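Text of entry.txt (compact mmCIF, C-alpha atoms) as supplied:
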# COMPACT_ATOMS: atom_id res chain seq x y z
CA MET K 1 -31.95 20.64 29.10
CA SER K 2 -29.15 22.56 30.65
CA THR K 3 -26.23 23.02 28.32
CA GLY K 4 -23.84 24.84 30.65
CA THR K 5 -20.66 23.39 32.07
CA PRO K 6 -21.52 20.62 34.57
CA ARG K 7 -20.81 21.59 38.14
CA SER K 8 -18.31 19.51 40.04
CA LEU K 9 -19.10 17.50 43.16
CA PRO K 10 -17.46 17.90 46.56
CA SER K 11 -14.17 16.03 46.64
CA SER K 12 -12.54 13.96 49.30
CA GLY K 13 -9.21 12.22 49.54
CA GLN K 14 -10.78 9.04 50.88
CA LYS K 15 -8.94 5.87 49.88
CA SER K 16 -10.46 3.16 47.75
CA LEU K 17 -12.52 0.46 49.46
CA GLN K 18 -10.67 -2.83 49.85
CA ASP K 19 -12.09 -6.29 49.38
CA ILE K 20 -13.26 -8.81 51.92
CA CYS K 21 -15.75 -11.62 51.45
CA HIS K 22 -19.12 -11.92 53.14
CA PRO K 23 -20.49 -15.42 53.72
CA LEU K 24 -22.84 -16.78 51.09
CA SER K 25 -25.94 -18.42 52.42
CA ALA K 26 -29.62 -18.52 51.68
CA GLU K 27 -32.15 -17.21 54.15
CA GLU K 28 -35.08 -19.13 55.47
CA SER K 29 -38.08 -18.42 53.28
CA ALA K 30 -41.45 -17.30 54.58
CA ARG K 31 -42.92 -20.36 52.91
CA SER K 32 -42.23 -24.04 53.46
CA CYS K 33 -39.15 -24.73 51.37
CA SER K 34 -36.68 -27.54 51.23
CA PRO K 35 -33.88 -27.19 53.79
CA ASP K 36 -31.42 -28.02 51.02
CA THR K 37 -32.66 -25.08 49.00
CA LEU K 38 -33.02 -22.25 51.48
CA LYS K 39 -30.98 -22.51 54.68
CA THR K 40 -30.74 -20.13 57.58
CA SER K 41 -27.13 -19.18 58.17
CA ASN K 42 -25.49 -19.73 61.54
CA PRO K 43 -23.69 -16.57 62.69
CA GLY K 44 -21.24 -18.66 64.63
CA GLU K 45 -19.92 -20.53 61.63
CA LYS K 46 -17.61 -17.76 60.42
CA ASP K 47 -15.83 -14.84 61.99
CA ARG K 48 -17.43 -11.75 60.46
CA SER K 49 -15.32 -8.75 61.29
CA LEU K 50 -14.02 -5.64 59.64
CA PRO K 51 -10.34 -5.29 58.73
CA ASN K 52 -9.75 -3.31 61.93
CA GLY K 53 -11.06 -6.22 64.02
CA THR K 54 -14.47 -4.74 64.82
CA PRO K 55 -17.08 -7.51 64.75
CA VAL K 56 -20.02 -7.07 62.39
CA ASP K 57 -23.35 -8.55 63.34
CA THR K 58 -25.04 -9.44 60.06
CA SER K 59 -27.56 -11.92 61.40
CA SER K 60 -31.07 -11.51 60.02
CA PRO K 61 -33.40 -14.10 61.51
CA ALA K 62 -36.56 -14.49 59.48
CA SER K 63 -38.84 -15.56 62.31
CA SER K 64 -42.50 -16.18 61.60
CA SER K 65 -43.50 -13.13 63.66
CA SER K 66 -41.02 -10.90 61.84
CA LEU K 67 -42.18 -12.10 58.46
CA LEU K 68 -45.80 -11.62 59.49
CA ASN K 69 -45.01 -8.03 60.42
CA ARG K 70 -43.30 -7.49 57.08
CA LEU K 71 -46.23 -8.99 55.17
CA GLN K 72 -48.51 -6.59 57.02
CA LEU K 73 -46.10 -3.79 56.21
CA ASP K 74 -46.23 -4.68 52.51
CA ASP K 75 -49.97 -3.98 52.51
CA ASP K 76 -49.49 -0.64 54.29
CA LEU K 77 -46.10 0.80 53.41
CA ASP K 78 -47.09 4.26 54.58
CA GLY K 79 -48.56 3.07 57.85
CA GLU K 80 -47.06 3.20 61.32
CA THR K 81 -46.02 -0.47 61.09
CA ARG K 82 -43.07 0.40 58.87
CA ASP K 83 -39.86 -0.34 60.75
CA LEU K 84 -37.05 0.26 58.24
CA PHE K 85 -36.32 3.55 56.45
CA VAL K 86 -33.38 3.89 54.05
CA THR K 87 -32.27 6.86 51.94
CA VAL K 88 -29.37 7.43 49.54
CA ASP K 89 -28.08 11.01 49.32
CA ASP K 90 -25.03 13.31 49.50
CA PRO K 91 -22.88 12.08 46.57
CA LYS K 92 -19.18 12.91 46.87
CA LYS K 93 -16.31 12.64 44.45
CA HIS K 94 -13.19 10.84 45.65
CA VAL K 95 -9.83 11.17 43.94
CA SER K 96 -6.95 8.80 44.63
CA THR K 97 -3.75 7.95 42.80
CA MET K 98 -5.36 4.85 41.29
CA GLU K 99 -8.91 5.94 40.49
CA THR K 100 -11.64 8.54 40.73
CA TYR K 101 -15.09 7.49 41.90
CA ILE K 102 -18.32 8.65 43.55
CA THR K 103 -19.65 7.53 46.92
CA TYR K 104 -23.14 8.03 48.31
CA ARG K 105 -24.32 8.31 51.88
CA VAL K 106 -26.75 5.56 52.92
CA CYS K 107 -28.80 6.55 55.97
CA THR K 108 -30.87 3.99 57.87
CA LYS K 109 -33.43 4.37 60.63
CA THR K 110 -34.93 1.23 62.09
CA SER K 111 -36.59 -0.29 65.13
CA ARG K 112 -35.67 -3.86 64.22
CA THR K 113 -33.89 -5.96 66.78
CA GLU K 114 -31.60 -7.41 64.09
CA PHE K 115 -29.69 -4.11 64.16
CA ASP K 116 -27.48 -3.06 67.06
CA PHE K 117 -28.39 0.62 66.74
CA PRO K 118 -31.50 2.51 65.62
CA GLU K 119 -29.61 4.70 63.13
CA TYR K 120 -26.72 4.21 60.71
CA SER K 121 -24.92 6.42 58.23
CA VAL K 122 -22.39 4.80 55.89
CA ARG K 123 -20.83 5.66 52.54
CA ARG K 124 -21.09 3.31 49.59
CA ARG K 125 -19.92 3.41 45.97
CA TYR K 126 -21.63 1.82 42.99
CA GLN K 127 -19.71 -1.45 43.22
CA ASP K 128 -21.01 -1.88 46.79
CA PHE K 129 -24.60 -1.70 45.53
CA ASP K 130 -23.65 -4.17 42.81
CA TRP K 131 -22.11 -6.49 45.42
CA LEU K 132 -25.35 -6.36 47.41
CA ARG K 133 -27.49 -7.22 44.41
CA ASN K 134 -25.26 -10.15 43.50
CA ARG K 135 -25.47 -11.47 47.05
CA LEU K 136 -29.24 -11.14 47.03
CA GLU K 137 -29.46 -13.05 43.74
CA ASP K 138 -27.25 -15.82 45.09
CA SER K 139 -28.92 -16.19 48.48
CA GLN K 140 -32.53 -15.57 47.36
CA PRO K 141 -32.78 -17.25 43.93
CA THR K 142 -36.56 -17.64 44.13
CA HIS K 143 -37.19 -13.90 44.49
CA LEU K 144 -37.22 -11.00 42.05
CA ILE K 145 -34.28 -8.72 42.85
CA PRO K 146 -34.79 -5.04 41.92
CA PRO K 147 -32.44 -3.79 39.18
CA LEU K 148 -29.57 -1.35 39.50
CA PRO K 149 -28.87 1.44 37.02
CA GLU K 150 -26.41 0.36 34.35
CA LYS K 151 -22.79 0.75 35.41
CA PHE K 152 -21.10 1.60 32.14
CA VAL K 153 -21.68 4.72 30.09
CA MET K 154 -20.30 5.71 26.72
CA LYS K 155 -17.15 7.78 27.18
CA GLY K 156 -17.32 11.10 25.42
CA VAL K 157 -21.12 11.03 25.35
CA VAL K 158 -21.96 11.18 29.06
CA ASP K 159 -19.75 12.65 31.77
CA ARG K 160 -20.20 10.19 34.64
CA PHE K 161 -18.86 12.75 37.11
CA SER K 162 -21.23 15.54 36.08
CA GLU K 163 -23.76 16.64 38.67
CA GLU K 164 -26.67 15.75 36.39
CA PHE K 165 -25.48 12.17 35.81
CA VAL K 166 -24.59 11.58 39.46
CA GLU K 167 -27.98 12.86 40.62
CA THR K 168 -29.80 10.61 38.17
CA ARG K 169 -27.80 7.63 39.42
CA ARG K 170 -28.38 8.63 43.06
CA LYS K 171 -32.14 8.58 42.49
CA ALA K 172 -31.91 5.12 40.92
CA LEU K 173 -29.77 3.76 43.78
CA ASP K 174 -32.16 5.27 46.31
CA LYS K 175 -35.08 3.54 44.61
CA PHE K 176 -33.16 0.26 44.59
CA VAL K 177 -32.49 0.18 48.34
CA LYS K 178 -36.03 1.35 49.09
CA ARG K 179 -37.47 -1.52 47.06
CA VAL K 180 -35.27 -3.99 48.93
CA ALA K 181 -36.16 -2.42 52.28
CA ASP K 182 -39.87 -2.71 51.49
CA HIS K 183 -39.65 -6.39 50.55
CA PRO K 184 -40.93 -8.76 53.28
CA VAL K 185 -38.08 -11.26 52.71
CA LEU K 186 -35.17 -9.45 51.06
CA SER K 187 -35.12 -6.77 53.74
CA PHE K 188 -34.16 -9.43 56.31
CA ASN K 189 -31.25 -10.72 54.25
CA GLU K 190 -27.99 -10.77 56.22
CA HIS K 191 -26.07 -9.12 53.37
CA PHE K 192 -28.54 -6.24 53.29
CA ASN K 193 -28.03 -5.86 57.03
CA ALA K 194 -24.25 -5.65 56.52
CA PHE K 195 -24.65 -3.23 53.62
CA LEU K 196 -26.65 -0.85 55.80
CA SER K 197 -24.70 -1.13 59.02
CA ALA K 198 -21.03 -2.05 58.40
CA LYS K 199 -18.90 1.06 58.49
CA ASP K 200 -16.32 -0.29 56.05
CA LEU K 201 -17.94 -2.78 53.73
CA ASN K 202 -15.08 -4.69 52.11
CA LYS K 203 -15.27 -7.76 49.92
CA ARG K 204 -13.46 -9.72 47.26
CA LEU K 205 -15.18 -8.80 44.03
CA GLY K 206 -13.44 -11.62 42.19
CA LEU K 207 -15.14 -14.20 44.39
CA ALA K 208 -18.46 -12.43 43.96
CA LEU K 209 -18.12 -12.60 40.18
CA LEU K 210 -17.20 -16.28 40.22
CA THR K 211 -20.11 -17.07 42.51
CA LYS K 212 -22.53 -15.24 40.24
CA MET K 213 -21.18 -17.10 37.19
CA GLY K 214 -21.50 -20.36 39.07
CA GLU K 215 -25.15 -19.67 39.82
CA SER K 216 -25.84 -18.89 36.16
CA VAL K 217 -24.18 -22.09 35.01
CA LYS K 218 -26.06 -24.13 37.59
CA TYR K 219 -29.45 -22.93 36.44
CA VAL K 220 -28.86 -22.59 32.71
CA THR K 221 -26.77 -25.66 31.96
CA GLY K 222 -28.34 -28.14 34.35
CA GLY K 223 -28.99 -30.58 31.50
CA TYR K 224 -32.77 -30.75 32.04
CA LYS K 225 -35.32 -29.83 29.40
CA LEU K 226 -38.65 -28.32 30.37
CA ARG K 227 -41.68 -29.87 28.70
CA GLY K 228 -43.79 -26.75 29.06
CA ARG K 229 -44.43 -23.89 31.43
CA PRO K 230 -47.64 -23.93 33.48
CA MET K 231 -50.23 -21.61 31.97
CA GLU K 232 -49.88 -18.86 34.57
CA PHE K 233 -46.10 -18.63 34.17
CA ALA K 234 -46.38 -18.83 30.38
CA ALA K 235 -48.75 -15.85 30.59
CA MET K 236 -46.13 -13.97 32.63
CA GLY K 237 -43.52 -14.57 29.94
CA GLU K 238 -45.85 -13.41 27.18
CA TYR K 239 -46.76 -10.29 29.14
CA LEU K 240 -43.09 -9.44 29.66
CA ASP K 241 -42.40 -9.80 25.92
CA VAL K 242 -45.25 -7.44 25.01
CA PHE K 243 -44.31 -5.00 27.76
CA THR K 244 -40.72 -4.95 26.50
CA GLN K 245 -41.91 -4.03 23.00
CA LYS K 246 -44.13 -1.24 24.35
CA LEU K 247 -41.36 0.24 26.47
CA GLY K 248 -38.92 0.02 23.56
CA THR K 249 -41.30 1.94 21.30
CA ILE K 250 -41.99 4.61 23.93
CA ASP K 251 -38.29 4.98 24.72
CA ARG K 252 -37.35 5.29 21.04
CA ILE K 253 -39.98 7.99 20.42
CA ALA K 254 -39.13 9.84 23.64
CA GLN K 255 -35.45 9.87 22.67
CA ARG K 256 -36.36 11.32 19.28
CA ILE K 257 -38.58 13.97 20.86
CA ILE K 258 -35.79 15.03 23.23
CA LYS K 259 -33.35 15.22 20.33
CA GLU K 260 -35.72 17.37 18.28
CA GLN K 261 -36.51 19.59 21.27
CA SER K 262 -32.81 20.09 21.94
CA GLU K 263 -32.23 21.13 18.34
CA TYR K 264 -35.24 23.47 18.52
CA LEU K 265 -33.83 24.98 21.72
CA MET K 266 -30.60 25.84 19.94
CA GLU K 267 -32.58 27.67 17.26
CA LEU K 268 -34.67 29.54 19.84
CA ARG K 269 -31.59 30.70 21.72
CA GLU K 270 -30.28 32.26 18.52
CA TYR K 271 -33.70 33.58 17.53
CA SER K 272 -34.52 35.76 20.55
CA PRO K 273 -31.36 37.95 20.51
CA VAL K 274 -32.07 38.93 16.90
CA TYR K 275 -35.23 40.77 17.93
CA THR K 276 -33.51 42.30 20.95
CA SER K 277 -30.72 43.78 18.83
CA TRP K 278 -33.26 44.94 16.25
CA THR K 279 -34.89 47.31 18.75
CA SER K 280 -31.88 49.68 18.70
CA PHE K 281 -32.45 50.34 14.99
CA GLU K 282 -36.26 50.64 14.98
CA GLU K 283 -37.57 52.97 17.67
CA ASP K 284 -41.11 52.80 16.30
CA LEU K 285 -41.08 49.00 16.58
CA HIS K 286 -39.33 48.89 19.94
CA GLU K 287 -42.33 47.65 21.94
CA PRO K 288 -43.47 44.81 19.63
CA LEU K 289 -39.89 43.71 19.04
CA GLU K 290 -39.25 43.54 22.79
CA GLY K 291 -42.48 41.57 23.15
CA VAL K 292 -41.43 39.00 20.57
CA ALA K 293 -37.96 38.72 22.10
CA GLY K 294 -39.46 38.22 25.55
CA CYS K 295 -41.88 35.62 24.23
CA MET K 296 -39.06 33.72 22.55
CA SER K 297 -36.98 33.85 25.71
CA ASN K 298 -39.90 32.57 27.78
CA CYS K 299 -40.55 29.73 25.31
CA THR K 300 -36.87 28.79 25.47
CA SER K 301 -36.92 28.63 29.26
CA ALA K 302 -40.15 26.61 29.37
CA LEU K 303 -39.02 24.14 26.71
CA ASP K 304 -35.62 23.73 28.37
CA GLU K 305 -37.37 22.77 31.61
CA LEU K 306 -39.72 20.35 29.83
CA THR K 307 -36.85 18.64 28.01
CA GLU K 308 -34.87 18.33 31.23
CA ASP K 309 -37.86 16.72 32.96
CA MET K 310 -38.14 14.13 30.20
CA SER K 311 -34.43 13.33 30.37
CA GLU K 312 -34.11 13.16 34.15
CA ASP K 313 -37.54 11.86 35.23
CA PHE K 314 -39.26 10.10 32.34
CA LEU K 315 -36.49 8.13 30.60
CA PRO K 316 -34.89 6.69 33.79
CA VAL K 317 -38.18 5.02 34.75
CA LEU K 318 -38.44 3.40 31.33
CA LYS K 319 -34.87 2.14 31.60
CA GLU K 320 -35.45 0.82 35.11
CA TYR K 321 -38.41 -1.27 33.98
CA VAL K 322 -36.52 -2.62 30.99
CA LEU K 323 -33.94 -3.90 33.48
CA TYR K 324 -36.75 -5.10 35.76
CA ILE K 325 -38.11 -7.21 32.90
CA GLU K 326 -34.69 -8.83 32.44
CA SER K 327 -34.59 -9.65 36.15
CA MET K 328 -38.06 -11.18 36.04
CA LYS K 329 -37.18 -13.27 32.98
CA ASN K 330 -34.08 -14.57 34.78
CA VAL K 331 -36.20 -15.71 37.73
CA LEU K 332 -38.63 -17.41 35.34
CA LYS K 333 -35.72 -19.27 33.71
CA LYS K 334 -34.48 -20.44 37.11
CA ARG K 335 -37.99 -21.64 37.98
CA ASP K 336 -38.22 -23.48 34.66
CA GLN K 337 -34.90 -25.24 35.29
CA VAL K 338 -36.00 -26.41 38.73
CA GLN K 339 -39.28 -27.69 37.29
CA ALA K 340 -37.46 -29.47 34.45
CA GLU K 341 -35.18 -31.15 36.96
CA TYR K 342 -38.18 -32.30 39.00
CA GLU K 343 -40.00 -33.65 35.93
CA THR K 344 -36.94 -35.62 34.81
CA LYS K 345 -36.37 -37.17 38.23
CA LEU K 346 -40.07 -37.94 38.69
CA GLU K 347 -40.22 -39.62 35.29
CA ALA K 348 -37.29 -41.82 36.23
CA VAL K 349 -39.16 -42.91 39.34
CA VAL K 350 -42.39 -43.66 37.45
CA PHE K 351 -40.67 -45.91 34.92
CA ARG K 352 -38.43 -47.77 37.37
CA GLU K 353 -38.80 -51.51 37.74
CA ASP K 354 -39.21 -51.62 41.52
CA LYS K 355 -42.59 -49.98 42.12
CA LYS K 356 -42.60 -50.69 45.86
CA THR K 357 -39.56 -48.60 46.71
CA PRO K 358 -40.53 -45.23 48.26
CA VAL K 359 -40.04 -42.05 46.24
CA PRO K 360 -36.41 -40.94 46.66
CA THR K 361 -35.77 -38.01 48.98
CA ASP K 362 -34.12 -35.93 46.27
CA VAL K 363 -37.34 -36.04 44.22
CA GLU K 364 -39.36 -34.78 47.18
CA LYS K 365 -36.81 -32.04 47.82
CA CYS K 366 -36.96 -31.04 44.18
CA GLN K 367 -40.74 -30.84 44.39
CA ASP K 368 -40.40 -28.60 47.44
CA ARG K 369 -38.08 -26.32 45.47
CA VAL K 370 -40.62 -26.05 42.64
CA GLU K 371 -43.41 -25.18 45.06
CA CYS K 372 -41.18 -22.65 46.81
CA PHE K 373 -40.22 -21.04 43.47
CA ASN K 374 -43.86 -20.89 42.40
CA ALA K 375 -45.07 -19.30 45.63
CA ASP K 376 -42.27 -16.72 45.84
CA LEU K 377 -42.48 -15.82 42.16
CA LYS K 378 -46.26 -15.30 42.32
CA ALA K 379 -45.93 -13.08 45.38
CA ASP K 380 -43.15 -11.00 43.81
CA TRP K 381 -45.07 -10.77 40.54
CA ASP K 382 -48.10 -9.30 42.34
CA ARG K 383 -45.85 -6.89 44.23
CA TRP K 384 -44.09 -5.87 41.01
CA GLN K 385 -47.38 -5.28 39.19
CA ASN K 386 -48.59 -3.12 42.06
CA ASN K 387 -45.38 -1.07 42.09
CA LYS K 388 -45.47 -0.77 38.30
CA GLY K 389 -49.01 0.56 38.38
CA GLN K 390 -48.10 3.19 40.96
CA ASP K 391 -44.87 4.18 39.20
CA PHE K 392 -46.40 4.60 35.76
CA ARG K 393 -49.50 6.34 37.07
CA GLN K 394 -47.26 8.87 38.79
CA LEU K 395 -44.94 9.08 35.78
CA LEU K 396 -47.64 9.66 33.16
CA THR K 397 -49.72 12.08 35.20
CA GLY K 398 -46.53 13.94 36.10
CA MET K 399 -45.53 14.28 32.46
CA ALA K 400 -49.04 15.44 31.57
CA ASP K 401 -48.81 18.12 34.28
CA LYS K 402 -45.38 19.19 32.99
CA ASN K 403 -46.74 19.62 29.47
CA ILE K 404 -49.71 21.60 30.75
CA GLN K 405 -47.38 23.84 32.74
CA TYR K 406 -45.23 24.34 29.64
CA TYR K 407 -48.13 25.60 27.55
CA GLU K 408 -49.44 27.72 30.43
CA LYS K 409 -46.07 29.46 30.75
CA VAL K 410 -45.99 30.16 27.01
CA ARG K 411 -49.60 31.33 26.99
CA ASP K 412 -49.18 33.59 30.02
CA ARG K 413 -46.31 35.39 28.31
CA GLU K 414 -48.30 35.88 25.14
CA LEU K 415 -51.21 37.41 27.09
CA GLU K 416 -49.00 39.97 28.83

How does this structure look as structure tokens?
Amino acid sequence: MSTGTPRSLPSSGQKSLQDICHPLSAEESARSCSPDTLKTSNPGEKDRSLPNGTPVDTSSPASSSSLLNRLQLDDDLDGETRDLFVTVDDPKKHVSTMETYITYRVCTKTSRTEFDFPEYSVRRRYQDFDWLRNRLEDSQPTHLIPPLPEKFVMKGVVDRFSEEFVETRRKALDKFVKRVADHPVLSFNEHFNAFLSAKDLNKRLGLALLTKMGESVKYVTGGYKLRGRPMEFAAMGEYLDVFTQKLGTIDRIAQRIIKEQSEYLMELREYSPVYTSWTSFEEDLHEPLEGVAGCMSNCTSALDELTEDMSEDFLPVLKEYVLYIESMKNVLKKRDQVQAEYETKLEAVVFREDKKTPVPTDVEKCQDRVECFNADLKADWDRWQNNKGQDFRQLLTGMADKNIQYYEKVRDRELE
């Protein structure tokens, strides 16, 4: 792990982003859902424009043909059917009188008709990504929303403006938008459209926070008690609990290994110069002493690279999936609350005195919501499991290759 002074990022005098609210509405689902649960927003209901008066088209119709194309795309993400490419790069440091922050360039290339242009390049800061995720959670409650990297870091422990930290966060933000862009439903969300295309994305964060809290209260304190999860969803919850324990153990051991390797690196850096300085006093031992010094120096370089790989590539994936598990558990809780509400209302109908009266509409709508939750959650679970398999296969084989390369570098020096 590099121990030198962190390099600074390019600075800009850009002003802070101001706040403006985007409309909150739920998109039409790919499956048959209750109109009271998931509604398609009408672009004509509110005037969506930037502070300078420029209109922003954030419509994202989820037509059956579009969703069919996206479902096909989900099975072949690397195929020619892919129609939305998003990358996050070029972090820049901005300094103003009120705050210092980092923005990232978000580049989009698309052939979708929902966008006015085929290419976009906008700058976003972390709170903009957070705004997007909150809007996705509010408008798509039945879907698993990919996690963001944690916002807060411990002051004095991690420099959030260092190049290493910013690059690690950039990779995580890039993965977040790519996961959203690859989703057959979330990628058509109107807020995602605005996030990618609006030049100046402004919003009132206070309203966003209140809305998010309102959603949590609605699903957690609805006053309905679930009798029991269906077997398949109970199995999901059990799997997530076990997976959390496994990741926690791996993360704890990996952290300890990195700590021990860092301490060993400090010893090696002091060890090699001793042999180098020794050569000036022992001419007869000059060659073997230089060999040992060179070997120590090579081991230091190889171990430094291995430790850096673990810190920057291995640990972030573990942390991402810990956050992913929390997101999945939240969706399961929402599903449970909707099911509990349906069971309570259905029970009231069964035990009513007038058996001839038709089942109330609200009970049928509640049943539709349960079915919609079940279908969306199953689809997202399968997609998540597939992504998890690919991510960890790449992660573990990559770490194995890094360890092999480490020992090869050390061995090659010893054979010289």

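Computed from the coordinates, the atom CA of Tyr120 of chain K to atom CA of Thr87 of chain K distance equals 10.7 Å.
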
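Picture a line from atom CA of Lys388 of chain K to atom CA of Val106 of chain K; it runs 24.6 Å.
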
- What does the distance between atom CA of Met296 of chain K and atom CA of Tyr407 of chain K come to in Å, to one decimal place? 13.2 Å

- Message: My list of candidates is K:Leu323, K:Ile250, K:Leu395, K:Ala340. Which is closest to Pro149 of chain K when distances are computed with all atoms listed in the file?
- Response: K:Leu323

- Query: Between K:Leu196, K:Met310, K:Leu186, K:Leu396, which is the closest to Arg135 of chain K once you count only C-alpha atoms?
  - Reply: K:Leu186

- Message: Would you pick out the contacts of Glu308 of chain K at 12 Å or less, using all atoms listed in the file, so that residues sharing its chain but fewer than 5 positions from it are not included, and give the list as a PyMOL selection string?
- Response: chain K and resi 1-3+164+168+257-259+261-262+265+301-303+313-316+399+402

- Query: Contacts of segment 374-386 of chain K at 12 Å or less, counting all atoms listed in the file, minus same-chain residues fewer than 4 places along, as a VMD selection string?
  - Reply: chain K and resid 29 to 33 71 74 to 75 77 140 to 147 179 to 180 182 to 186 229 to 230 232 to 233 235 to 237 239 to 240 243 321 324 to 325 327 to 336 338 to 339 367 to 370 390 to 393

- Message: Show me, as a ChimeraX atom specification, the residues that have an atom within 12 Å of Ser272 of chain K when counting all atoms listed in the file, minus same-chain residues fewer than 5 positions from it.
- Response: /K:265-267,277-279,289-301

Any chance you could work out the axis-aligned box around segment 391-394 of chain K, listed atoms only, 8 Å on each side, giving centre and edge lengths in Å to one decimal, as AutoDock Vina command-line options?
--center_x -47.2 --center_y 6.5 --center_z 37.5 --size_x 20.6 --size_y 20.7 --size_z 19.4
